>>> print(open('query_20.pdb').read())   # PDB, C-alpha atoms and all ligand atoms
ATOM      1  CA  MET A   1      14.881  13.548 -66.245
ATOM      2  CA  GLY A   2      13.994  12.423 -69.791
ATOM      3  CA  GLU A   3      15.777   9.808 -71.899
ATOM      4  CA  ARG A   4      17.784  12.594 -73.524
ATOM      5  CA  GLY A   5      18.961  13.783 -70.130
ATOM      6  CA  ILE A   6      20.024  10.265 -69.224
ATOM      7  CA  ALA A   7      21.860   9.876 -72.517
ATOM      8  CA  ALA A   8      23.656  13.180 -71.907
ATOM      9  CA  LEU A   9      24.800  12.007 -68.489
ATOM     10  CA  ALA A  10      26.218   8.750 -69.802
ATOM     11  CA  HIS A  11      29.918   9.175 -70.424
ATOM     12  CA  GLN A  12      30.624   8.461 -74.045
ATOM     13  CA  GLU A  13      33.723   6.353 -73.442
ATOM     14  CA  ASP A  14      31.849   4.228 -70.908
ATOM     15  CA  CYS A  15      28.615   3.681 -72.843
ATOM     16  CA  ILE A  16      27.942   0.084 -73.618
ATOM     17  CA  GLY A  17      26.207  -1.143 -76.717
ATOM     18  CA  PRO A  18      23.489  -3.764 -77.075
ATOM     19  CA  SER A  19      26.198  -6.461 -77.093
ATOM     20  CA  HIS A  20      26.071  -7.212 -73.361
ATOM     21  CA  SER A  21      24.415 -10.439 -72.229
ATOM     22  CA  PRO A  22      20.696 -10.381 -71.366
ATOM     23  CA  TRP A  23      20.081 -10.472 -67.610
ATOM     24  CA  LEU A  24      16.253 -10.568 -67.461
ATOM     25  CA  ARG A  25      14.926 -14.091 -67.026
ATOM     26  CA  GLY A  26      11.189 -13.481 -66.653
ATOM     27  CA  GLY A  27       8.899 -10.472 -66.702
ATOM     28  CA  THR A  28       9.573  -9.198 -63.166
ATOM     29  CA  VAL A  29      12.512  -7.318 -61.698
ATOM     30  CA  ILE A  30      13.236  -6.049 -58.176
ATOM     31  CA  PHE A  31      15.382  -2.982 -57.556
ATOM     32  CA  THR A  32      16.460  -2.653 -53.951
ATOM     33  CA  ASP A  33      18.418  -0.340 -51.729
ATOM     34  CA  LEU A  34      20.785  -2.221 -49.393
ATOM     35  CA  ASP A  35      21.537  -0.430 -46.075
ATOM     36  CA  GLY A  36      18.385  -0.173 -43.977
ATOM     37  CA  SER A  37      16.350  -2.064 -46.608
ATOM     38  CA  LEU A  38      17.712  -5.497 -47.581
ATOM     39  CA  LEU A  39      20.377  -5.144 -44.868
ATOM     40  CA  ASP A  40      19.603  -4.276 -41.252
ATOM     41  CA  GLU A  41      20.585  -0.688 -40.460
ATOM     42  CA  ARG A  42      23.381  -1.064 -37.947
ATOM     43  CA  SER A  43      24.381  -4.740 -38.040
ATOM     44  CA  HIS A  44      24.196  -5.043 -41.863
ATOM     45  CA  ARG A  45      22.658  -8.489 -41.361
ATOM     46  CA  TYR A  46      20.270  -9.984 -43.918
ATOM     47  CA  VAL A  47      19.400 -13.350 -42.404
ATOM     48  CA  ALA A  48      15.642 -12.568 -42.304
ATOM     49  CA  ALA A  49      15.661 -11.982 -46.086
ATOM     50  CA  ILE A  50      17.360 -15.260 -47.064
ATOM     51  CA  PRO A  51      14.186 -17.392 -47.535
ATOM     52  CA  ALA A  52      12.624 -14.691 -49.725
ATOM     53  CA  LEU A  53      15.870 -14.350 -51.728
ATOM     54  CA  LEU A  54      15.899 -18.114 -52.344
ATOM     55  CA  ASP A  55      12.262 -18.002 -53.489
ATOM     56  CA  LEU A  56      13.093 -15.179 -55.898
ATOM     57  CA  LYS A  57      16.062 -17.099 -57.265
ATOM     58  CA  ARG A  58      13.874 -20.155 -57.858
ATOM     59  CA  ALA A  59      11.276 -17.953 -59.564
ATOM     60  CA  GLY A  60      13.964 -16.365 -61.784
ATOM     61  CA  VAL A  61      13.301 -12.835 -60.523
ATOM     62  CA  PRO A  62      16.472 -10.703 -60.595
ATOM     63  CA  VAL A  63      17.222  -8.702 -57.449
ATOM     64  CA  ILE A  64      19.216  -5.642 -58.448
ATOM     65  CA  PRO A  65      21.056  -3.743 -55.702
ATOM     66  CA  VAL A  66      20.694   0.031 -56.095
ATOM     67  CA  THR A  67      22.988   1.468 -53.493
ATOM     68  CA  SER A  68      25.402   4.152 -52.390
ATOM     69  CA  LYS A  69      27.947   1.394 -51.787
ATOM     70  CA  THR A  70      31.045   0.930 -53.960
ATOM     71  CA  ALA A  71      31.509  -1.811 -56.574
ATOM     72  CA  ALA A  72      34.065  -3.470 -54.255
ATOM     73  CA  GLU A  73      31.436  -3.698 -51.493
ATOM     74  CA  VAL A  74      28.592  -4.890 -53.706
ATOM     75  CA  ARG A  75      30.656  -7.603 -55.441
ATOM     76  CA  LEU A  76      31.216  -9.342 -52.132
ATOM     77  CA  LEU A  77      27.593  -8.961 -51.050
ATOM     78  CA  ARG A  78      26.252 -10.283 -54.355
ATOM     79  CA  GLU A  79      28.297 -13.399 -53.860
ATOM     80  CA  ALA A  80      27.035 -13.857 -50.292
ATOM     81  CA  LEU A  81      23.425 -13.214 -51.340
ATOM     82  CA  GLY A  82      23.660 -15.382 -54.477
ATOM     83  CA  LEU A  83      22.674 -12.525 -56.814
ATOM     84  CA  GLU A  84      23.512 -12.747 -60.509
ATOM     85  CA  GLY A  85      22.153  -9.738 -62.371
ATOM     86  CA  PRO A  86      23.380  -6.164 -62.801
ATOM     87  CA  TYR A  87      23.943  -3.769 -59.909
ATOM     88  CA  VAL A  88      23.929  -0.014 -59.405
ATOM     89  CA  VAL A  89      26.755   1.499 -57.365
ATOM     90  CA  GLU A  90      27.476   4.855 -55.715
ATOM     91  CA  ASN A  91      23.964   6.320 -55.990
ATOM     92  CA  GLY A  92      23.723   5.721 -59.732
ATOM     93  CA  GLY A  93      27.347   6.568 -60.540
ATOM     94  CA  ALA A  94      27.427   3.435 -62.683
ATOM     95  CA  VAL A  95      25.409   0.392 -63.695
ATOM     96  CA  ILE A  96      27.636  -2.687 -63.683
ATOM     97  CA  LEU A  97      26.668  -5.677 -65.818
ATOM     98  CA  PRO A  98      28.588  -8.874 -65.030
ATOM     99  CA  GLN A  99      29.168 -10.989 -68.137
ATOM    100  CA  PRO A 100      29.198 -14.801 -68.413
ATOM    101  CA  ASP A 101      32.973 -14.784 -69.084
ATOM    102  CA  GLY A 102      33.615 -13.165 -65.684
ATOM    103  CA  THR A 103      34.215  -9.670 -67.057
ATOM    104  CA  GLU A 104      32.049  -6.634 -66.269
ATOM    105  CA  GLN A 105      30.584  -3.987 -68.524
ATOM    106  CA  ARG A 106      29.757  -0.550 -67.181
ATOM    107  CA  GLN A 107      27.355   2.213 -68.021
ATOM    108  CA  VAL A 108      28.801   5.231 -66.241
ATOM    109  CA  PHE A 109      26.735   8.255 -65.177
ATOM    110  CA  GLY A 110      29.053   9.671 -62.502
ATOM    111  CA  ARG A 111      32.031  11.971 -62.536
ATOM    112  CA  ALA A 112      35.448  10.773 -61.420
ATOM    113  CA  ALA A 113      35.655  10.677 -57.612
ATOM    114  CA  GLY A 114      38.797  12.845 -57.695
ATOM    115  CA  GLU A 115      36.742  15.810 -58.949
ATOM    116  CA  ALA A 116      34.231  15.433 -56.105
ATOM    117  CA  ARG A 117      37.100  15.131 -53.660
ATOM    118  CA  ARG A 118      38.609  18.424 -54.857
ATOM    119  CA  PHE A 119      35.251  20.223 -54.377
ATOM    120  CA  LEU A 120      34.942  18.824 -50.862
ATOM    121  CA  ILE A 121      38.448  19.911 -49.884
ATOM    122  CA  ARG A 122      37.745  23.480 -51.042
ATOM    123  CA  HIS A 123      34.610  23.701 -48.862
ATOM    124  CA  ARG A 124      35.821  21.517 -45.999
ATOM    125  CA  GLU A 125      36.646  24.249 -43.484
ATOM    126  CA  PRO A 126      33.860  26.811 -44.004
ATOM    127  CA  PHE A 127      31.164  24.097 -43.916
ATOM    128  CA  GLY A 128      32.772  21.753 -41.366
ATOM    129  CA  LEU A 129      32.917  18.769 -43.718
ATOM    130  CA  CYS A 130      34.645  15.457 -43.194
ATOM    131  CA  GLY A 131      34.734  13.125 -46.206
ATOM    132  CA  PHE A 132      35.616   9.447 -46.455
ATOM    133  CA  GLY A 133      38.885  10.649 -48.009
ATOM    134  CA  ASP A 134      39.692  12.430 -44.724
ATOM    135  CA  MET A 135      39.122   9.319 -42.619
ATOM    136  CA  THR A 136      41.206   6.224 -42.033
ATOM    137  CA  ALA A 137      39.595   2.809 -42.641
ATOM    138  CA  GLN A 138      39.393   2.471 -38.841
ATOM    139  CA  GLU A 139      37.496   5.791 -38.500
ATOM    140  CA  ILE A 140      35.068   4.784 -41.266
ATOM    141  CA  ALA A 141      34.628   1.435 -39.484
ATOM    142  CA  THR A 142      33.871   3.147 -36.166
ATOM    143  CA  PHE A 143      31.336   5.530 -37.719
ATOM    144  CA  THR A 144      29.536   3.039 -39.953
ATOM    145  CA  GLY A 145      29.760  -0.061 -37.785
ATOM    146  CA  LEU A 146      31.510  -1.908 -40.636
ATOM    147  CA  SER A 147      34.512  -4.156 -40.085
ATOM    148  CA  ARG A 148      37.895  -2.635 -40.977
ATOM    149  CA  GLU A 149      38.073  -4.674 -44.205
ATOM    150  CA  ALA A 150      34.547  -3.656 -45.165
ATOM    151  CA  ALA A 151      35.390  -0.033 -44.354
ATOM    152  CA  HIS A 152      38.357  -0.266 -46.718
ATOM    153  CA  ARG A 153      36.064  -1.525 -49.501
ATOM    154  CA  ALA A 154      33.682   1.372 -48.697
ATOM    155  CA  SER A 155      36.542   3.837 -49.147
ATOM    156  CA  LEU A 156      37.237   2.673 -52.734
ATOM    157  CA  ARG A 157      35.047   5.403 -54.233
ATOM    158  CA  GLU A 158      34.950   5.817 -58.008
ATOM    159  CA  TYR A 159      32.141   8.364 -58.510
ATOM    160  CA  THR A 160      31.065   9.912 -55.202
ATOM    161  CA  GLU A 161      32.364  11.186 -51.881
ATOM    162  CA  PRO A 162      30.330  10.440 -48.738
ATOM    163  CA  PHE A 163      30.780  12.985 -45.962
ATOM    164  CA  LEU A 164      29.614  14.252 -42.594
ATOM    165  CA  MET A 165      28.617  17.864 -41.827
ATOM    166  CA  THR A 166      28.940  19.549 -38.462
ATOM    167  CA  SER A 167      25.883  21.676 -39.406
ATOM    168  CA  PRO A 168      23.516  19.522 -41.500
ATOM    169  CA  ALA A 169      21.156  22.528 -41.663
ATOM    170  CA  ARG A 170      23.609  24.121 -44.134
ATOM    171  CA  ALA A 171      23.321  21.225 -46.600
ATOM    172  CA  HIS A 172      21.002  23.244 -48.847
ATOM    173  CA  GLU A 173      23.532  26.097 -49.050
ATOM    174  CA  LEU A 174      26.329  23.673 -49.927
ATOM    175  CA  ASP A 175      24.115  21.960 -52.518
ATOM    176  CA  LYS A 176      23.642  25.335 -54.266
ATOM    177  CA  LEU A 177      27.415  25.746 -54.595
ATOM    178  CA  ALA A 178      27.783  22.124 -55.714
ATOM    179  CA  ARG A 179      25.198  22.573 -58.475
ATOM    180  CA  GLN A 180      27.057  25.583 -59.844
ATOM    181  CA  GLU A 181      29.949  23.195 -60.530
ATOM    182  CA  GLY A 182      27.898  20.301 -61.906
ATOM    183  CA  PHE A 183      27.708  18.346 -58.646
ATOM    184  CA  ARG A 184      24.839  17.656 -56.271
ATOM    185  CA  ILE A 185      24.395  16.696 -52.634
ATOM    186  CA  GLU A 186      22.054  14.045 -51.386
ATOM    187  CA  ARG A 187      21.308  12.732 -47.963
ATOM    188  CA  GLY A 188      21.468   8.960 -47.380
ATOM    189  CA  GLY A 189      20.597   7.219 -44.120
ATOM    190  CA  LYS A 190      23.446   8.616 -42.014
ATOM    191  CA  LEU A 191      25.721  10.359 -44.511
ATOM    192  CA  PHE A 192      25.632  13.034 -47.182
ATOM    193  CA  HIS A 193      26.897  12.152 -50.655
ATOM    194  CA  LEU A 194      28.590  14.497 -53.096
ATOM    195  CA  SER A 195      28.252  13.292 -56.674
ATOM    196  CA  GLY A 196      27.778  14.332 -60.289
ATOM    197  CA  GLN A 197      24.270  15.127 -61.571
ATOM    198  CA  HIS A 198      23.168  11.483 -61.475
ATOM    199  CA  ASP A 199      20.946   9.708 -58.985
ATOM    200  CA  LYS A 200      19.660   6.181 -58.435
ATOM    201  CA  GLY A 201      16.655   6.922 -60.667
ATOM    202  CA  VAL A 202      18.848   7.642 -63.707
ATOM    203  CA  ALA A 203      20.511   4.234 -63.404
ATOM    204  CA  VAL A 204      17.221   2.380 -62.827
ATOM    205  CA  ARG A 205      15.583   4.081 -65.814
ATOM    206  CA  TRP A 206      18.507   2.982 -67.958
ATOM    207  CA  LEU A 207      18.111  -0.599 -66.687
ATOM    208  CA  LEU A 208      14.333  -0.527 -67.300
ATOM    209  CA  ALA A 209      14.948   0.580 -70.891
ATOM    210  CA  ASP A 210      17.509  -2.225 -71.229
ATOM    211  CA  ALA A 211      15.037  -4.733 -69.712
ATOM    212  CA  ALA A 212      12.380  -3.657 -72.210
ATOM    213  CA  THR A 213      14.685  -4.756 -75.050
ATOM    214  CA  GLN A 214      14.909  -8.224 -73.470
ATOM    215  CA  SER A 215      11.216  -8.843 -72.798
ATOM    216  CA  PRO A 216       8.429  -9.334 -75.342
ATOM    217  CA  THR A 217       5.895  -8.094 -72.766
ATOM    218  CA  ALA A 218       5.791  -5.159 -70.325
ATOM    219  CA  VAL A 219       8.243  -5.597 -67.457
ATOM    220  CA  ARG A 220       6.866  -5.496 -63.907
ATOM    221  CA  SER A 221       9.224  -3.448 -61.740
ATOM    222  CA  ILE A 222       9.260  -3.357 -57.951
ATOM    223  CA  GLY A 223      11.415  -0.917 -55.956
ATOM    224  CA  ILE A 224      12.331  -1.044 -52.264
ATOM    225  CA  GLY A 225      14.039   1.724 -50.279
ATOM    226  CA  ASP A 226      14.137   3.531 -46.950
ATOM    227  CA  ALA A 227      15.827   6.940 -47.402
ATOM    228  CA  PRO A 228      15.429  10.181 -49.404
ATOM    229  CA  ASN A 229      18.123   9.096 -51.877
ATOM    230  CA  ASP A 230      15.835   6.191 -52.862
ATOM    231  CA  LEU A 231      12.949   8.451 -53.968
ATOM    232  CA  SER A 232      14.371   8.954 -57.477
ATOM    233  CA  PHE A 233      14.193   5.243 -58.296
ATOM    234  CA  LEU A 234      11.044   4.460 -56.304
ATOM    235  CA  ALA A 235       9.366   7.076 -58.511
ATOM    236  CA  VAL A 236      10.153   5.198 -61.759
ATOM    237  CA  VAL A 237       9.118   1.633 -60.816
ATOM    238  CA  ASN A 238       5.591   0.191 -61.093
ATOM    239  CA  GLU A 239       5.362  -0.816 -57.437
ATOM    240  CA  PRO A 240       7.292   1.296 -54.895
ATOM    241  CA  ILE A 241       7.738   0.013 -51.338
ATOM    242  CA  THR A 242       9.245   1.788 -48.316
ATOM    243  CA  ILE A 243      10.944   0.093 -45.394
ATOM    244  CA  PRO A 244      10.673   1.951 -42.057
ATOM    245  CA  ARG A 245      13.731   3.199 -40.189
ATOM    246  CA  PRO A 246      14.517   1.299 -36.957
ATOM    247  CA  ASP A 247      12.414   3.901 -35.039
ATOM    248  CA  GLY A 248       9.385   2.987 -37.188
ATOM    249  CA  GLN A 249       9.427   6.214 -39.272
ATOM    250  CA  HIS A 250       8.751   5.848 -42.989
ATOM    251  CA  LEU A 251      10.222   7.966 -45.741
ATOM    252  CA  ARG A 252       7.858  10.805 -46.681
ATOM    253  CA  TRP A 253       6.306   9.880 -50.042
ATOM    254  CA  PRO A 254       5.759  13.087 -52.046
ATOM    255  CA  LEU A 255       4.073  11.576 -55.096
ATOM    256  CA  ASP A 256       0.387  11.130 -55.794
ATOM    257  CA  ARG A 257       0.813   7.386 -56.427
ATOM    258  CA  PRO A 258       0.152   4.482 -54.104
ATOM    259  CA  ILE A 259       3.098   3.086 -52.166
ATOM    260  CA  TRP A 260       3.206   0.097 -49.841
ATOM    261  CA  ARG A 261       4.778   0.613 -46.424
ATOM    262  CA  ALA A 262       6.462  -2.501 -45.005
ATOM    263  CA  PRO A 263       5.542  -3.341 -41.406
ATOM    264  CA  HIS A 264       9.091  -3.937 -40.105
ATOM    265  CA  ALA A 265      12.537  -2.350 -40.448
ATOM    266  CA  GLY A 266      15.477  -3.872 -42.348
ATOM    267  CA  SER A 267      15.625  -7.388 -43.762
ATOM    268  CA  ARG A 268      12.470  -8.502 -41.909
ATOM    269  CA  GLY A 269      10.447  -5.751 -43.544
ATOM    270  CA  TRP A 270      12.126  -6.486 -46.895
ATOM    271  CA  SER A 271      11.074 -10.123 -46.666
ATOM    272  CA  ALA A 272       7.489  -9.160 -45.762
ATOM    273  CA  ALA A 273       7.417  -6.737 -48.710
ATOM    274  CA  ILE A 274       8.542  -9.411 -51.188
ATOM    275  CA  ARG A 275       6.102 -11.999 -49.878
ATOM    276  CA  ARG A 276       3.171  -9.604 -50.025
ATOM    277  CA  THR A 277       4.030  -8.195 -53.444
ATOM    278  CA  LEU A 278       4.698 -11.517 -55.122
ATOM    279  CA  GLY A 279       2.012 -13.416 -53.201
ATOM    280  CA  ILE A 280       4.451 -15.813 -51.517
ATOM    281  CA  PRO A 281       3.189 -16.907 -48.084
ATOM    282  CA  SER A 282       5.551 -16.304 -45.155
ATOM    283  CA  THR A 283       7.411 -19.215 -43.581
ATOM    284  CA  GLU A 284       5.188 -18.840 -40.474
ATOM    285  CA  VAL A 285       2.035 -19.217 -42.570
ATOM    286  CA  LEU A 286       3.488 -22.263 -44.346
ATOM    287  CA  ARG A 287       4.414 -23.815 -41.000
ATOM    288  CA  ARG A 288       0.908 -23.212 -39.610
ATOM    289  CA  GLU A 289      -0.664 -24.660 -42.741
ATOM    290  CA  ALA A 290       1.577 -27.726 -42.592
ATOM    291  CA  ALA A 291       0.573 -28.269 -38.958
ATOM    292  CA  SER A 292      -3.129 -27.871 -39.701
ATOM    293  CA  PRO A 293      -5.198 -31.114 -39.404
ATOM    294  CA  VAL A 294      -6.404 -30.589 -42.989
ATOM    295  CA  ASN A 295      -2.845 -31.000 -44.235
ATOM    296  CA  ARG A 296      -2.024 -34.086 -42.214
ATOM    297  CA  ILE A 297      -1.922 -37.391 -44.019
ATOM    298  CA  ALA A 298      -4.331 -39.733 -42.323
TER     299      ALA A 298
HETATM  300 MG    MG A 301      19.099   2.864 -47.219
END
>>> encode(input="query_20.pdb", output="structure tokens", more="lines below")
Ligand SMILES: [Mg+2]
Amino acid sequence: MGERGIAALAHQEDCIGPSHSPWLRGGTVIFTDLDGSLLDERSHRYVAAIPALLDLKRAGVPVIPVTSKTAAEVRLLREALGLEGPYVVENGGAVILPQPDGTEQRQVFGRAAGEARRFLIRHREPFGLCGFGDMTAQEIATFTGLSREAAHRASLREYTEPFLMTSPARAHELDKLARQEGFRIERGGKLFHLSGQHDKGVAVRWLLADAATQSPTAVRSIGIGDAPNDLSFLAVVNEPITIPRPDGQHLRWPLDRPIWRAPHAGSRGWSAAIRRTLGIPSTEVLRREAASPVNRIA
């Protein structure tokens, strides 16, 4: 999609001007998927990524979540992870830019979640669909492995409706109907997502254009993801990286451009990807070097 397409997707009333605060501190930026990439697939743990996150913070490299999660979910995670820059929610439904005064500005690309919900209800029976709106917080918790509170935050959709299908093979057929009404269907790790005509790539391209206005030199962009809904943003960064699924399978990379495949799943693979890409030695290497006789003070 070209810049014109992106501009057309941006909702006029939610477009933000150049008045928002700059968020780029150096010349490098990392865009990352969360579930299955920075966060471990089932446990949602990120302990293995903490040292790398601290190194990035010290180096002034923003880590920008690009996720299917809601703003309510990402706000809490950003705090826990110590992230400060913008974030992309609901598969590119909006870019949220926190401001120094505690407020947030938004660049919206999605359609109101109520519209997606109405489409899903109409096709619920013939396609065997079950959306987040059909589930209690407890049911979402059971399916996703989230706590009940986290499941509640996941249900606070603003631009998309995640759902399950009894016959995933019919997803293509449903996508055709969705497109006739200005929606689209994408597959995430475990769920399908019904949304407007945006994707993660639209939001990341907007952020890259915004970053270019803040940097006197070319911005180096790194992207990390694990699922098909990450392809759109991995395709627009300088250095795409895939994280394998827990069974070791990597996302199929359809482009004729090099991609680096991380050696481990989840946060461990994420950490390895950051260290390799930015040339930061792993903690194990540092420990070995510190123990080496050459490094001992006589
Ligand atoms: Mg993922």
>>> atom_distance(input="query_20.pdb", atom1="CA of Phe233 (chain A)", atom2="CA of Val204 (chain A)")
6.2 Å
>>> resolve_selection(input="query_20.pdb", expression="the PyMOL selection byres (((chain A and resi 269) around 10) and not hetatm)", output="number ranges by chain")
A: 36-38, 40, 48-49, 242-244, 261-268, 270-275
>>> residues_around(input="query_20.pdb", residues="Gly27 (chain A)", least_positions_apart="2", cutoff="9 Å", atoms="only C-alpha atoms", output="ChimeraX atom specification")
/A:24-25,29,61,211,215-221
>>> resolve_selection(input="query_20.pdb", expression="the PyMOL selection byres (((not hetatm)) within 7 of (chain A and resi 301))", output="ChimeraX atom specification")
/A:33-37,188-189,225-227
>>> closest_residue(input="query_20.pdb", among="A:Trp253, A:Tyr87, A:Tyr159, A:Phe143", to="Ala112 (chain A)", atoms="all atoms listed in the file")
A:Tyr159
>>> atom_distance(input="query_20.pdb", atom1="CA of Ile185 (chain A)", atom2="CA of Ala171 (chain A)")
7.6 Å
>>> resolve_selection(input="query_20.pdb", expression="the PyMOL selection byres (((chain A and resi 165-170) around 6) and not hetatm)", output="PyMOL selection string")
chain A and resi 128-129+164+171-173
>>> closest_residue(input="query_20.pdb", among="A:Ala150, A:Leu191, A:Ala178, A:Ile222", to="Pro162 (chain A)", atoms="only C-alpha atoms")
A:Leu191
>>> atom_distance(input="query_20.pdb", atom1="CA of Met135 (chain A)", atom2="CA of Glu186 (chain A)")
19.8 Å
>>> closest_residue(input="query_20.pdb", among="A:Ser68, A:Asn91, A:Gln197, A:Thr136", to="Arg111 (chain A)", atoms="all atoms listed in the file")
A:Gln197
>>> closest_residue(input="query_20.pdb", among="A:Thr32, A:Gln99, A:Thr160, A:Gln138", to="Gly114 (chain A)", atoms="all atoms listed in the file")
A:Thr160
>>> closest_residue(input="query_20.pdb", among="A:Val66, A:Ala212, A:Val108, A:Leu146", to="His44 (chain A)", atoms="all atoms listed in the file")
A:Leu146
>>> closest_residue(input="query_20.pdb", among="A:Leu174, A:Val63, A:Ala71, A:Leu194", to="Ala116 (chain A)", atoms="only C-alpha atoms")
A:Leu194
>>> residues_near_point(input="query_20.pdb", point="(15.0, 11.2, -48.5)", cutoff="7 Å", atoms="only C-alpha atoms", output="PyMOL selection string")
chain A and resi 187-188+227-231+251
>>> residues_around(input="query_20.pdb", residues="Ile241 (chain A)", least_positions_apart="5", cutoff="6 Å", atoms="only C-alpha atoms", output="PyMOL selection string")
chain A and resi 223-224+259-261
>>> build_atoms(input="query_20.pdb", residues="region 146-157 of chain A", atoms="N, CA and C atoms", output="PDB file, in the frame of the given file")
ATOM      1  N   LEU A 146      30.961  -0.875 -39.748  1.00  0.00           N
ATOM      2  CA  LEU A 146      31.510  -1.908 -40.636  1.00  0.00           C
ATOM      3  C   LEU A 146      32.797  -2.456 -40.025  1.00  0.00           C
ATOM      4  N   SER A 147      33.207  -3.646 -40.490  1.00  0.00           N
ATOM      5  CA  SER A 147      34.512  -4.156 -40.085  1.00  0.00           C
ATOM      6  C   SER A 147      35.573  -3.304 -40.786  1.00  0.00           C
ATOM      7  N   ARG A 148      36.830  -3.432 -40.363  1.00  0.00           N
ATOM      8  CA  ARG A 148      37.895  -2.635 -40.977  1.00  0.00           C
ATOM      9  C   ARG A 148      38.051  -2.960 -42.456  1.00  0.00           C
ATOM     10  N   GLU A 149      37.933  -4.259 -42.791  1.00  0.00           N
ATOM     11  CA  GLU A 149      38.073  -4.674 -44.205  1.00  0.00           C
ATOM     12  C   GLU A 149      36.918  -4.099 -45.031  1.00  0.00           C
ATOM     13  N   ALA A 150      35.720  -4.185 -44.451  1.00  0.00           N
ATOM     14  CA  ALA A 150      34.547  -3.656 -45.165  1.00  0.00           C
ATOM     15  C   ALA A 150      34.662  -2.140 -45.319  1.00  0.00           C
ATOM     16  N   ALA A 151      35.211  -1.481 -44.292  1.00  0.00           N
ATOM     17  CA  ALA A 151      35.390  -0.033 -44.354  1.00  0.00           C
ATOM     18  C   ALA A 151      36.379   0.324 -45.472  1.00  0.00           C
ATOM     19  N   HIS A 152      37.394  -0.509 -45.629  1.00  0.00           N
ATOM     20  CA  HIS A 152      38.357  -0.266 -46.718  1.00  0.00           C
ATOM     21  C   HIS A 152      37.641  -0.356 -48.074  1.00  0.00           C
ATOM     22  N   ARG A 153      36.801  -1.386 -48.232  1.00  0.00           N
ATOM     23  CA  ARG A 153      36.064  -1.525 -49.501  1.00  0.00           C
ATOM     24  C   ARG A 153      35.141  -0.308 -49.713  1.00  0.00           C
ATOM     25  N   ALA A 154      34.572   0.205 -48.602  1.00  0.00           N
ATOM     26  CA  ALA A 154      33.682   1.372 -48.697  1.00  0.00           C
ATOM     27  C   ALA A 154      34.446   2.623 -49.106  1.00  0.00           C
ATOM     28  N   SER A 155      35.756   2.631 -48.830  1.00  0.00           N
ATOM     29  CA  SER A 155      36.542   3.837 -49.147  1.00  0.00           C
ATOM     30  C   SER A 155      37.001   3.845 -50.608  1.00  0.00           C
ATOM     31  N   LEU A 156      36.777   2.751 -51.339  1.00  0.00           N
ATOM     32  CA  LEU A 156      37.237   2.673 -52.734  1.00  0.00           C
ATOM     33  C   LEU A 156      36.223   3.344 -53.664  1.00  0.00           C
ATOM     34  N   ARG A 157      36.048   4.651 -53.465  1.00  0.00           N
ATOM     35  CA  ARG A 157      35.047   5.403 -54.233  1.00  0.00           C
ATOM     36  C   ARG A 157      35.530   5.643 -55.660  1.00  0.00           C
TER      37      ARG A 157
END
